[in-house]
>>> print(open('my_file.cif').read())   # mmCIF, C-alpha atoms and all ligand atoms
data_entry
loop_
_atom_site.group_PDB
_atom_site.id
_atom_site.type_symbol
_atom_site.label_atom_id
_atom_site.label_comp_id
_atom_site.auth_asym_id
_atom_site.auth_seq_id
_atom_site.Cartn_x
_atom_site.Cartn_y
_atom_site.Cartn_z
ATOM 1 C CA MET A 208 -87.811 -27.926 111.728
ATOM 2 C CA ALA A 209 -85.092 -26.646 109.427
ATOM 3 C CA LEU A 210 -82.198 -28.670 108.015
ATOM 4 C CA GLN A 211 -79.450 -29.241 110.567
ATOM 5 C CA LEU A 212 -75.933 -30.355 109.723
ATOM 6 C CA LYS A 213 -73.175 -32.015 111.721
ATOM 7 C CA PRO A 214 -69.836 -32.592 109.971
ATOM 8 C CA LEU A 215 -68.686 -36.223 109.840
ATOM 9 C CA HIS A 216 -65.188 -35.592 108.476
ATOM 10 C CA PRO A 217 -62.701 -32.687 108.547
ATOM 11 C CA LEU A 218 -63.098 -32.009 104.797
ATOM 12 C CA PHE A 219 -66.588 -33.035 103.640
ATOM 13 C CA ALA A 220 -69.606 -35.237 104.500
ATOM 14 C CA ALA A 221 -72.193 -34.233 107.103
ATOM 15 C CA GLU A 222 -75.025 -35.818 109.000
ATOM 16 C CA ALA A 223 -78.293 -34.105 108.073
ATOM 17 C CA SER A 224 -81.409 -33.972 110.247
ATOM 18 C CA GLY A 225 -84.594 -31.972 110.669
ATOM 19 C CA VAL A 226 -86.141 -33.191 107.402
ATOM 20 C CA ASP A 227 -88.749 -35.964 107.021
ATOM 21 C CA LEU A 228 -87.919 -37.806 103.805
ATOM 22 C CA LYS A 229 -91.468 -39.135 103.529
ATOM 23 C CA LYS A 230 -92.846 -35.633 102.993
ATOM 24 C CA PRO A 231 -92.571 -33.283 100.018
ATOM 25 C CA LEU A 232 -90.034 -30.495 100.486
ATOM 26 C CA ASP A 233 -90.744 -26.789 100.148
ATOM 27 C CA ALA A 234 -88.518 -24.731 97.855
ATOM 28 C CA ALA A 235 -86.543 -23.243 100.751
ATOM 29 C CA THR A 236 -85.664 -26.682 102.141
ATOM 30 C CA ILE A 237 -84.646 -27.955 98.697
ATOM 31 C CA ALA A 238 -82.400 -24.916 98.378
ATOM 32 C CA SER A 239 -80.869 -25.568 101.801
ATOM 33 C CA ILE A 240 -80.171 -29.228 100.921
ATOM 34 C CA ASP A 241 -78.608 -28.177 97.601
ATOM 35 C CA ALA A 242 -76.441 -25.663 99.469
ATOM 36 C CA ALA A 243 -75.409 -28.353 101.970
ATOM 37 C CA MET A 244 -74.571 -30.686 99.076
ATOM 38 C CA ASP A 245 -72.458 -27.959 97.472
ATOM 39 C CA ARG A 246 -70.500 -27.627 100.706
ATOM 40 C CA TYR A 247 -70.354 -31.230 102.014
ATOM 41 C CA ALA A 248 -70.949 -33.362 98.853
ATOM 42 C CA VAL A 249 -72.164 -36.267 101.029
ATOM 43 C CA LEU A 250 -75.189 -36.025 103.355
ATOM 44 C CA VAL A 251 -76.214 -38.807 105.734
ATOM 45 C CA PHE A 252 -79.815 -38.925 106.954
ATOM 46 C CA ARG A 253 -80.442 -41.490 109.696
ATOM 47 C CA GLY A 254 -83.580 -43.325 110.784
ATOM 48 C CA GLN A 255 -85.461 -42.718 107.515
ATOM 49 C CA PRO A 256 -86.740 -46.041 106.159
ATOM 50 C CA LEU A 257 -88.465 -45.468 102.816
ATOM 51 C CA ASP A 258 -90.515 -47.717 100.556
ATOM 52 C CA GLN A 259 -89.960 -47.747 96.801
ATOM 53 C CA ALA A 260 -92.515 -45.047 95.994
ATOM 54 C CA GLN A 261 -91.250 -42.791 98.788
ATOM 55 C CA GLN A 262 -87.640 -42.985 97.609
ATOM 56 C CA ILE A 263 -88.644 -42.253 94.010
ATOM 57 C CA ALA A 264 -90.853 -39.323 95.056
ATOM 58 C CA TRP A 265 -88.245 -37.778 97.343
ATOM 59 C CA SER A 266 -85.394 -38.156 94.851
ATOM 60 C CA ARG A 267 -87.370 -36.633 91.966
ATOM 61 C CA GLN A 268 -87.490 -33.328 93.806
ATOM 62 C CA PHE A 269 -83.815 -32.929 92.906
ATOM 63 C CA GLY A 270 -84.106 -33.659 89.193
ATOM 64 C CA PRO A 271 -85.247 -36.242 86.639
ATOM 65 C CA LEU A 272 -84.127 -39.771 87.556
ATOM 66 C CA ASP A 273 -81.798 -41.976 85.540
ATOM 67 C CA ALA A 274 -82.224 -45.743 85.108
ATOM 68 C CA GLY A 275 -78.486 -46.517 85.034
ATOM 69 C CA LEU A 276 -76.816 -49.339 83.176
ATOM 70 C CA ARG A 277 -80.038 -51.342 82.859
ATOM 71 C CA LYS A 278 -80.688 -49.117 79.826
ATOM 72 C CA ALA A 279 -77.951 -51.157 78.095
ATOM 73 C CA THR A 280 -78.093 -54.542 79.768
ATOM 74 C CA GLY A 281 -81.899 -54.752 79.936
ATOM 75 C CA ALA A 282 -81.445 -56.862 83.077
ATOM 76 C CA PRO A 283 -84.723 -57.694 84.829
ATOM 77 C CA THR A 284 -85.584 -55.839 88.056
ATOM 78 C CA ARG A 285 -87.420 -56.838 91.226
ATOM 79 C CA PHE A 286 -88.601 -53.261 91.749
ATOM 80 C CA GLN A 287 -91.731 -51.436 90.590
ATOM 81 C CA TYR A 288 -89.684 -48.576 89.128
ATOM 82 C CA ASP A 289 -87.025 -48.629 86.412
ATOM 83 C CA GLU A 290 -85.364 -45.703 88.176
ATOM 84 C CA LEU A 291 -84.760 -47.692 91.357
ATOM 85 C CA ILE A 292 -81.295 -49.216 90.971
ATOM 86 C CA ASP A 293 -80.620 -52.440 92.831
ATOM 87 C CA VAL A 294 -77.127 -52.378 94.334
ATOM 88 C CA GLY A 295 -77.623 -55.154 96.869
ATOM 89 C CA ASN A 296 -77.268 -58.914 96.476
ATOM 90 C CA VAL A 297 -80.942 -59.885 96.474
ATOM 91 C CA ALA A 298 -82.123 -62.101 93.602
ATOM 92 C CA LEU A 299 -85.349 -61.554 91.640
ATOM 93 C CA ASP A 300 -87.193 -64.071 93.817
ATOM 94 C CA GLY A 301 -86.172 -62.259 96.994
ATOM 95 C CA SER A 302 -83.535 -64.758 98.137
ATOM 96 C CA VAL A 303 -79.843 -63.903 98.552
ATOM 97 C CA ALA A 304 -78.251 -64.131 95.085
ATOM 98 C CA GLY A 305 -76.008 -67.159 94.584
ATOM 99 C CA ARG A 306 -72.344 -66.712 93.657
ATOM 100 C CA ASP A 307 -73.111 -67.534 90.016
ATOM 101 C CA ASN A 308 -75.910 -64.964 89.727
ATOM 102 C CA ALA A 309 -75.117 -62.555 86.877
ATOM 103 C CA LYS A 310 -76.196 -59.530 88.903
ATOM 104 C CA LEU A 311 -73.270 -59.904 91.300
ATOM 105 C CA ILE A 312 -70.825 -58.476 88.766
ATOM 106 C CA GLY A 313 -72.466 -55.080 89.342
ATOM 107 C CA VAL A 314 -72.147 -55.502 93.103
ATOM 108 C CA LEU A 315 -68.475 -56.387 92.756
ATOM 109 C CA ALA A 316 -67.696 -53.648 90.225
ATOM 110 C CA ASN A 317 -69.152 -51.181 92.756
ATOM 111 C CA GLN A 318 -66.230 -52.126 95.009
ATOM 112 C CA LEU A 319 -63.895 -50.222 92.668
ATOM 113 C CA TRP A 320 -63.572 -46.423 93.017
ATOM 114 C CA HIS A 321 -65.996 -44.678 90.667
ATOM 115 C CA SER A 322 -68.503 -41.922 90.194
ATOM 116 C CA ASP A 323 -71.916 -43.092 88.983
ATOM 117 C CA SER A 324 -72.746 -43.298 85.266
ATOM 118 C CA THR A 325 -69.914 -41.109 83.996
ATOM 119 C CA PHE A 326 -69.887 -43.454 80.982
ATOM 120 C CA GLN A 327 -73.110 -42.044 79.557
ATOM 121 C CA ASP A 328 -73.542 -38.781 77.706
ATOM 122 C CA LEU A 329 -76.366 -37.582 79.978
ATOM 123 C CA PRO A 330 -74.551 -36.127 82.989
ATOM 124 C CA VAL A 331 -75.728 -37.287 86.414
ATOM 125 C CA LYS A 332 -75.710 -35.183 89.550
ATOM 126 C CA TYR A 333 -76.778 -36.726 92.866
ATOM 127 C CA SER A 334 -77.041 -40.379 93.852
ATOM 128 C CA MET A 335 -78.931 -41.543 96.931
ATOM 129 C CA LEU A 336 -78.805 -44.908 98.671
ATOM 130 C CA SER A 337 -81.492 -46.194 100.974
ATOM 131 C CA ALA A 338 -80.446 -49.008 103.333
ATOM 132 C CA VAL A 339 -83.216 -51.595 103.619
ATOM 133 C CA THR A 340 -81.157 -54.571 104.871
ATOM 134 C CA VAL A 341 -77.520 -54.322 105.925
ATOM 135 C CA THR A 342 -74.851 -56.890 106.748
ATOM 136 C CA ASP A 343 -73.831 -57.525 110.365
ATOM 137 C CA GLU A 344 -70.269 -56.591 109.480
ATOM 138 C CA ASP A 345 -68.241 -55.190 106.556
ATOM 139 C CA GLY A 346 -69.979 -53.794 103.459
ATOM 140 C CA GLU A 347 -69.271 -50.168 104.360
ATOM 141 C CA THR A 348 -69.389 -47.547 101.602
ATOM 142 C CA GLN A 349 -66.577 -45.006 101.227
ATOM 143 C CA TRP A 350 -66.486 -41.601 99.575
ATOM 144 C CA ALA A 351 -63.471 -39.505 98.575
ATOM 145 C CA ASP A 352 -63.513 -35.706 98.168
ATOM 146 C CA LEU A 353 -62.159 -34.902 94.696
ATOM 147 C CA ARG A 354 -61.931 -31.166 95.394
ATOM 148 C CA ALA A 355 -59.558 -31.788 98.283
ATOM 149 C CA ALA A 356 -57.778 -34.291 96.022
ATOM 150 C CA TRP A 357 -57.161 -31.556 93.443
ATOM 151 C CA ASP A 358 -55.921 -29.154 96.124
ATOM 152 C CA ALA A 359 -53.462 -31.777 97.406
ATOM 153 C CA LEU A 360 -51.997 -32.663 93.989
ATOM 154 C CA PRO A 361 -48.362 -31.632 93.447
ATOM 155 C CA GLU A 362 -48.124 -28.630 91.078
ATOM 156 C CA LYS A 363 -46.192 -30.737 88.597
ATOM 157 C CA THR A 364 -48.994 -33.289 88.436
ATOM 158 C CA LYS A 365 -51.595 -30.514 88.083
ATOM 159 C CA ARG A 366 -49.724 -29.279 85.029
ATOM 160 C CA HIS A 367 -49.497 -32.843 83.655
ATOM 161 C CA VAL A 368 -53.255 -33.505 83.896
ATOM 162 C CA GLU A 369 -54.796 -30.105 83.153
ATOM 163 C CA GLY A 370 -56.366 -29.936 79.701
ATOM 164 C CA ARG A 371 -56.436 -33.710 79.300
ATOM 165 C CA THR A 372 -59.557 -35.793 78.806
ATOM 166 C CA ALA A 373 -60.379 -39.374 79.741
ATOM 167 C CA TRP A 374 -62.693 -41.822 77.964
ATOM 168 C CA HIS A 375 -65.185 -43.385 80.378
ATOM 169 C CA SER A 376 -66.570 -46.793 79.494
ATOM 170 C CA ALA A 377 -69.532 -48.581 81.089
ATOM 171 C CA PHE A 378 -67.866 -51.952 80.729
ATOM 172 C CA HIS A 379 -64.190 -51.252 81.443
ATOM 173 C CA SER A 380 -64.370 -52.029 85.175
ATOM 174 C CA ARG A 381 -66.488 -55.143 84.621
ATOM 175 C CA ILE A 382 -64.211 -56.450 81.898
ATOM 176 C CA SER A 383 -61.216 -55.773 84.182
ATOM 177 C CA LEU A 384 -62.885 -58.131 86.680
ATOM 178 C CA GLY A 385 -63.118 -60.840 84.034
ATOM 179 C CA ASP A 386 -66.736 -60.322 82.951
ATOM 180 C CA ASP A 387 -66.869 -60.397 79.155
ATOM 181 C CA ARG A 388 -70.449 -61.471 78.456
ATOM 182 C CA TYR A 389 -71.440 -58.287 76.657
ATOM 183 C CA THR A 390 -72.858 -58.397 73.151
ATOM 184 C CA GLN A 391 -71.696 -56.045 70.399
ATOM 185 C CA GLU A 392 -75.114 -54.432 70.587
ATOM 186 C CA GLN A 393 -74.805 -53.706 74.309
ATOM 187 C CA LEU A 394 -71.269 -52.397 73.853
ATOM 188 C CA ALA A 395 -72.453 -50.194 70.989
ATOM 189 C CA ARG A 396 -75.298 -48.789 73.076
ATOM 190 C CA PHE A 397 -72.759 -47.300 75.490
ATOM 191 C CA PRO A 398 -69.732 -46.096 73.507
ATOM 192 C CA SER A 399 -66.997 -44.500 75.637
ATOM 193 C CA ILE A 400 -67.595 -40.873 76.580
ATOM 194 C CA GLU A 401 -64.841 -38.260 76.618
ATOM 195 C CA ARG A 402 -64.731 -36.102 79.744
ATOM 196 C CA PRO A 403 -62.243 -33.571 81.107
ATOM 197 C CA LEU A 404 -59.867 -35.075 83.660
ATOM 198 C CA VAL A 405 -60.126 -31.794 85.582
ATOM 199 C CA HIS A 406 -63.354 -29.842 85.929
ATOM 200 C CA VAL A 407 -64.877 -27.137 88.101
ATOM 201 C CA HIS A 408 -67.557 -28.363 90.503
ATOM 202 C CA PRO A 409 -70.465 -26.042 89.720
ATOM 203 C CA GLY A 410 -71.817 -25.945 93.281
ATOM 204 C CA SER A 411 -68.613 -24.938 95.048
ATOM 205 C CA GLY A 412 -66.603 -23.378 92.219
ATOM 206 C CA ARG A 413 -63.702 -25.613 93.264
ATOM 207 C CA LYS A 414 -61.527 -27.604 90.910
ATOM 208 C CA VAL A 415 -61.912 -31.372 90.850
ATOM 209 C CA ILE A 416 -59.550 -34.108 89.671
ATOM 210 C CA PHE A 417 -61.832 -36.721 88.124
ATOM 211 C CA PRO A 418 -60.271 -40.168 87.718
ATOM 212 C CA SER A 419 -62.410 -43.315 87.877
ATOM 213 C CA VAL A 420 -62.244 -47.030 87.323
ATOM 214 C CA HIS A 421 -64.482 -46.311 84.318
ATOM 215 C CA CYS A 422 -61.575 -44.489 82.577
ATOM 216 C CA GLU A 423 -60.057 -46.642 79.867
ATOM 217 C CA ARG A 424 -57.908 -44.103 78.016
ATOM 218 C CA VAL A 425 -56.386 -40.635 78.519
ATOM 219 C CA SER A 426 -55.852 -38.073 75.780
ATOM 220 C CA GLY A 427 -52.302 -37.547 74.551
ATOM 221 C CA LEU A 428 -50.994 -40.685 76.278
ATOM 222 C CA THR A 429 -50.548 -44.266 75.179
ATOM 223 C CA LEU A 430 -52.980 -46.815 76.619
ATOM 224 C CA PRO A 431 -50.579 -48.037 79.342
ATOM 225 C CA GLU A 432 -49.412 -44.504 80.231
ATOM 226 C CA GLY A 433 -53.022 -43.381 80.513
ATOM 227 C CA ARG A 434 -54.030 -46.322 82.651
ATOM 228 C CA LEU A 435 -51.042 -45.817 84.928
ATOM 229 C CA LEU A 436 -51.944 -42.138 85.281
ATOM 230 C CA ILE A 437 -55.521 -43.051 86.250
ATOM 231 C CA ALA A 438 -54.184 -45.580 88.783
ATOM 232 C CA GLU A 439 -51.832 -42.920 90.210
ATOM 233 C CA LEU A 440 -54.636 -40.351 90.454
ATOM 234 C CA LEU A 441 -57.004 -42.856 92.074
ATOM 235 C CA GLU A 442 -54.357 -43.732 94.635
ATOM 236 C CA HIS A 443 -53.830 -40.048 95.372
ATOM 237 C CA ALA A 444 -57.533 -39.161 95.516
ATOM 238 C CA THR A 445 -58.432 -42.014 97.833
ATOM 239 C CA GLN A 446 -55.683 -41.573 100.416
ATOM 240 C CA ARG A 447 -56.992 -42.061 103.939
ATOM 241 C CA GLU A 448 -57.268 -38.356 104.844
ATOM 242 C CA LEU A 449 -59.628 -37.670 101.925
ATOM 243 C CA VAL A 450 -62.027 -40.554 102.583
ATOM 244 C CA TYR A 451 -65.198 -40.799 104.654
ATOM 245 C CA THR A 452 -66.285 -44.355 105.518
ATOM 246 C CA HIS A 453 -69.944 -45.014 106.221
ATOM 247 C CA THR A 454 -71.038 -47.997 108.304
ATOM 248 C CA TRP A 455 -74.640 -48.732 107.365
ATOM 249 C CA CYS A 456 -77.653 -49.026 109.648
ATOM 250 C CA VAL A 457 -81.121 -49.924 108.404
ATOM 251 C CA GLY A 458 -82.970 -46.708 107.557
ATOM 252 C CA ASP A 459 -79.844 -44.749 106.607
ATOM 253 C CA TYR A 460 -80.298 -42.591 103.521
ATOM 254 C CA VAL A 461 -77.099 -41.194 102.024
ATOM 255 C CA MET A 462 -76.998 -38.738 99.137
ATOM 256 C CA TRP A 463 -73.862 -37.623 97.337
ATOM 257 C CA ASP A 464 -72.708 -35.390 94.512
ATOM 258 C CA ASN A 465 -71.143 -37.513 91.759
ATOM 259 C CA ARG A 466 -69.385 -34.472 90.297
ATOM 260 C CA ALA A 467 -67.308 -33.887 93.436
ATOM 261 C CA THR A 468 -66.711 -37.358 94.867
ATOM 262 C CA LEU A 469 -65.691 -40.929 94.155
ATOM 263 C CA HIS A 470 -67.170 -43.855 96.048
ATOM 264 C CA ARG A 471 -66.867 -47.604 96.433
ATOM 265 C CA GLY A 472 -68.417 -50.375 98.474
ATOM 266 C CA LYS A 473 -66.244 -52.476 100.757
ATOM 267 C CA ARG A 474 -66.097 -56.241 100.508
ATOM 268 C CA TYR A 475 -68.601 -58.286 102.498
ATOM 269 C CA ASP A 476 -69.649 -61.917 102.823
ATOM 270 C CA LEU A 477 -71.931 -62.341 99.809
ATOM 271 C CA SER A 478 -73.982 -64.971 101.614
ATOM 272 C CA MET A 479 -75.251 -62.198 103.933
ATOM 273 C CA ARG A 480 -78.236 -60.248 102.703
ATOM 274 C CA ARG A 481 -77.599 -56.617 101.702
ATOM 275 C CA ASP A 482 -80.453 -54.601 100.233
ATOM 276 C CA LEU A 483 -79.413 -51.090 99.226
ATOM 277 C CA ARG A 484 -81.466 -49.161 96.682
ATOM 278 C CA ARG A 485 -80.141 -46.283 94.646
ATOM 279 C CA THR A 486 -81.747 -43.383 92.854
ATOM 280 C CA THR A 487 -79.659 -41.051 90.681
ATOM 281 C CA THR A 488 -80.645 -37.638 89.358
ATOM 282 C CA LEU A 489 -79.685 -36.161 86.015
ATOM 283 C CA GLU A 490 -78.483 -32.612 85.579
ATOM 284 C CA ARG A 491 -81.745 -30.817 84.821
ATOM 285 C CA HIS A 492 -80.487 -28.728 81.899
ATOM 286 C CA ALA A 493 -79.000 -31.754 80.122
ATOM 287 C CA ALA A 494 -82.108 -33.879 80.642
ATOM 288 C CA GLN A 495 -84.249 -31.082 79.208
ATOM 289 C CA ALA A 496 -81.995 -30.656 76.206
ATOM 290 C CA ALA A 497 -82.124 -34.402 75.530
ATOM 291 C CA ALA A 498 -85.927 -34.598 75.834
HETATM 292 C C1 LIG B 501 -73.758 -47.298 94.243
HETATM 293 C C2 LIG B 501 -72.532 -47.915 94.752
HETATM 294 C C3 LIG B 501 -71.541 -49.013 96.665
HETATM 295 C C4 LIG B 501 -72.027 -49.918 97.739
HETATM 296 O O1 LIG B 501 -74.814 -47.512 94.837
HETATM 297 O O2 LIG B 501 -73.687 -46.542 93.262
HETATM 298 O O3 LIG B 501 -71.515 -47.796 94.133
HETATM 299 O O4 LIG B 501 -71.457 -49.888 98.838
HETATM 300 N N1 LIG B 501 -72.634 -48.553 95.914
HETATM 301 O O5 LIG B 501 -72.978 -50.665 97.495
HETATM 302 MN MN MN B 502 -71.857 -46.296 92.463
#
>>> encode(input="my_file.cif", output="structure tokens")
Amino acid sequence: MALQLKPLHPLFAAEASGVDLKKPLDAATIASIDAAMDRYAVLVFRGQPLDQAQQIAWSRQFGPLDAGLRKATGAPTRFQYDELIDVGNVALDGSVAGRDNAKLIGVLANQLWHSDSTFQDLPVKYSMLSAVTVTDEDGETQWADLRAAWDALPEKTKRHVEGRTAWHSAFHSRISLGDDRYTQEQLARFPSIERPLVHVHPGSGRKVIFPSVHCERVSGLTLPEGRLLIAELLEHATQRELVYTHTWCVGDYVMWDNRATLHRGKRYDLSMRRDLRRTTTLERHAAQAAA
């Protein structure tokens, strides 16, 4: 059966069906998923529980996988693959992580609007989350369409931001939440990366406004002016009409384009178990150039 799509929101995000995520894809189906991603930026597959190996294998069909911030923190993992990123609240021994568990800072920082791994020089493309255990309530994930956000910006603001760059830092959001346990070596491993504040999304050819909680500084502005501009742009980009909210069911598999969207998790009771596993692909050309 071929890929089928059902829009979930007036602007972006669609439910995708007709594809078995446990099986390898043929080139035509990969092309149809890429085309759907270019159009919708967020695809929701339902009823597709995957084990670790299956998620890794399926994700790899869309590009080389990235290991995320663990490259800098060297935090231990409970998974068999470095490229499987643990975004839930499960401790290494399989129990629900206690409030004082160091891994929770990542869970909490994910509740701020961001695009994955924009703080590293290797550009990432898609992220995918597999829902293994979900909370009874709360803990939704939200996405915002940054192409629609550009379109909706006042002309005056477009002129103010065009041509500017922002420095993205791996630790800015965590430090803003009061987490300052990072060594000089870890900080040095991920120096801030300068990125355009406006870019063209390659898949759709549409312009994107690209603010994030990872942005710590904006070119041509003082620190406070830059941070206020990022706050203003985040507020604009995440207004209700531009946001799709996903309520998780076990077996959901959501993939999104980090170059066209922002996302965040919603607060939940941390004593409830939430096991969501992420894979993130790198842009193929950049990964090849770096190799
Ligand atoms: C992520 C992320 C949010 C959530 O997986 O990259 O930001 O709801 N997740 O867990
Ligand atoms: Mn994320």
>>> residues_near_ligand(input="my_file.cif", ligand="ligand LIG 501 (chain B)", cutoff="6 Å", atoms="only C-alpha atoms and all ligand atoms", output="MDAnalysis selection string")
chainID A and resid 294 317 323 347:348 471:472 485
>>> closest_residue(input="my_file.cif", among="A:Asp241, A:Glu290, A:Glu401, A:Asp258", to="A:Gly458", atoms="all atoms listed in the file")
A:Asp258
>>> atom_distance(input="my_file.cif", atom1="atom CA of A:Ser426", atom2="atom CA of A:Ala494")
27.0 Å
>>> residues_around(input="my_file.cif", residues="A:Ala497", least_positions_apart="5", cutoff="12 Å", atoms="all atoms listed in the file", output="ChimeraX atom specification")
/A:271,328-330,489-492
>>> resolve_selection(input="my_file.cif", expression="the PyMOL selection byres (((chain A and resi 316) around 10) and not hetatm)", output="ChimeraX atom specification")
/A:311-315,317-321,378-384,386,420-421,471-472
>>> atom_distance(input="my_file.cif", atom1="atom CA of A:Pro214", atom2="atom CA of A:Tyr247")
8.1 Å
>>> closest_residue(input="my_file.cif", among="A:Gln259, A:Ser334, A:Ser376, A:Thr342", to="A:Cys456", atoms="all atoms listed in the file")
A:Thr342
>>> resolve_selection(input="my_file.cif", expression="the PyMOL selection byres (((chain A and resi 223) around 7) and not hetatm)", output="ChimeraX atom specification")
/A:210-213,221-222,224,250-252
>>> atom_distance(input="my_file.cif", atom1="atom CA of A:Ser324", atom2="atom CA of A:Leu394")
14.7 Å
>>> resolve_selection(input="my_file.cif", expression="the PyMOL selection byres (((chain A and resi 452) around 12) and not hetatm)", output="JSON, numbers by chain")
{"A": [215, 216, 219, 220, 221, 249, 251, 345, 346, 347, 348, 349, 350, 351, 352, 445, 447, 448, 449, 450, 451, 453, 454, 455, 461, 469, 470, 471, 472, 473]}
>>> closest_residue(input="my_file.cif", among="A:Leu430, A:Leu360, A:Ile292, A:Ala438", to="A:Val405", atoms="only C-alpha atoms")
A:Leu360
>>> closest_residue(input="my_file.cif", among="A:Asp233, A:Asp464, A:Asp358, A:Glu432", to="ligand MN 502 (chain B)", atoms="only C-alpha atoms and all ligand atoms")
A:Asp464
>>> closest_residue(input="my_file.cif", among="A:Arg277, A:Lys230, A:Arg366, A:His408", to="A:Lys310", atoms="all atoms listed in the file")
A:Arg277
>>> residues_around(input="my_file.cif", residues="A:Ala260", least_positions_apart="2", cutoff="12 Å", atoms="all atoms listed in the file", output="number ranges by chain")
A: 228-230, 256-258, 262-267, 286-291, 484, 486
>>> closest_residue(input="my_file.cif", among="A:Thr468, A:Ser322, A:Thr372, A:Ser478", to="ligand MN 502 (chain B)", atoms="all atoms listed in the file")
A:Ser322
>>> residues_near_point(input="my_file.cif", point="(-80.0, -38.3, 93.4)", cutoff="7 Å", atoms="only C-alpha atoms", output="PyMOL selection string")
chain A and resi 266+269+332-335+462+486-488
>>> write_last_selection(input="my_file.cif", atoms="C-alpha atoms", output="JSON list (two decimals), in the frame of the given file")
[["chain", "number", "residue", "atom", "x", "y", "z"],
["A", 266, "SER", "CA", -85.39, -38.16, 94.85],
["A", 269, "PHE", "CA", -83.82, -32.93, 92.91],
["A", 332, "LYS", "CA", -75.71, -35.18, 89.55],
["A", 333, "TYR", "CA", -76.78, -36.73, 92.87],
["A", 334, "SER", "CA", -77.04, -40.38, 93.85],
["A", 335, "MET", "CA", -78.93, -41.54, 96.93],
["A", 462, "MET", "CA", -77.00, -38.74, 99.14],
["A", 486, "THR", "CA", -81.75, -43.38, 92.85],
["A", 487, "THR", "CA", -79.66, -41.05, 90.68],
["A", 488, "THR", "CA", -80.64, -37.64, 89.36]]
>>> axis_aligned_box(input="my_file.cif", around="stretch 295-298 of chain A", padding_each_side="3 Å", output="AutoDock Vina command-line options")
--center_x -79.7 --center_y -58.6 --center_z 95.2 --size_x 10.9 --size_y 12.9 --size_z 9.3
>>> residues_around(input="my_file.cif", residues="A:Leu436", least_positions_apart="4", cutoff="10 Å", atoms="only C-alpha atoms", output="PDB file with C-alpha atoms, keeping the file's coordinate frame")
ATOM      1  CA  THR A 364     -48.994 -33.289  88.436  1.00  0.00           C
ATOM      2  CA  HIS A 367     -49.497 -32.843  83.655  1.00  0.00           C
ATOM      3  CA  VAL A 368     -53.255 -33.505  83.896  1.00  0.00           C
ATOM      4  CA  PRO A 418     -60.271 -40.168  87.718  1.00  0.00           C
ATOM      5  CA  ARG A 424     -57.908 -44.103  78.016  1.00  0.00           C
ATOM      6  CA  VAL A 425     -56.386 -40.635  78.519  1.00  0.00           C
ATOM      7  CA  LEU A 428     -50.994 -40.685  76.278  1.00  0.00           C
ATOM      8  CA  LEU A 430     -52.980 -46.815  76.619  1.00  0.00           C
ATOM      9  CA  PRO A 431     -50.579 -48.037  79.342  1.00  0.00           C
ATOM     10  CA  GLU A 432     -49.412 -44.504  80.231  1.00  0.00           C
ATOM     11  CA  LEU A 440     -54.636 -40.351  90.454  1.00  0.00           C
ATOM     12  CA  LEU A 441     -57.004 -42.856  92.074  1.00  0.00           C
ATOM     13  CA  GLU A 442     -54.357 -43.732  94.635  1.00  0.00           C
TER      14      GLU A 442
END
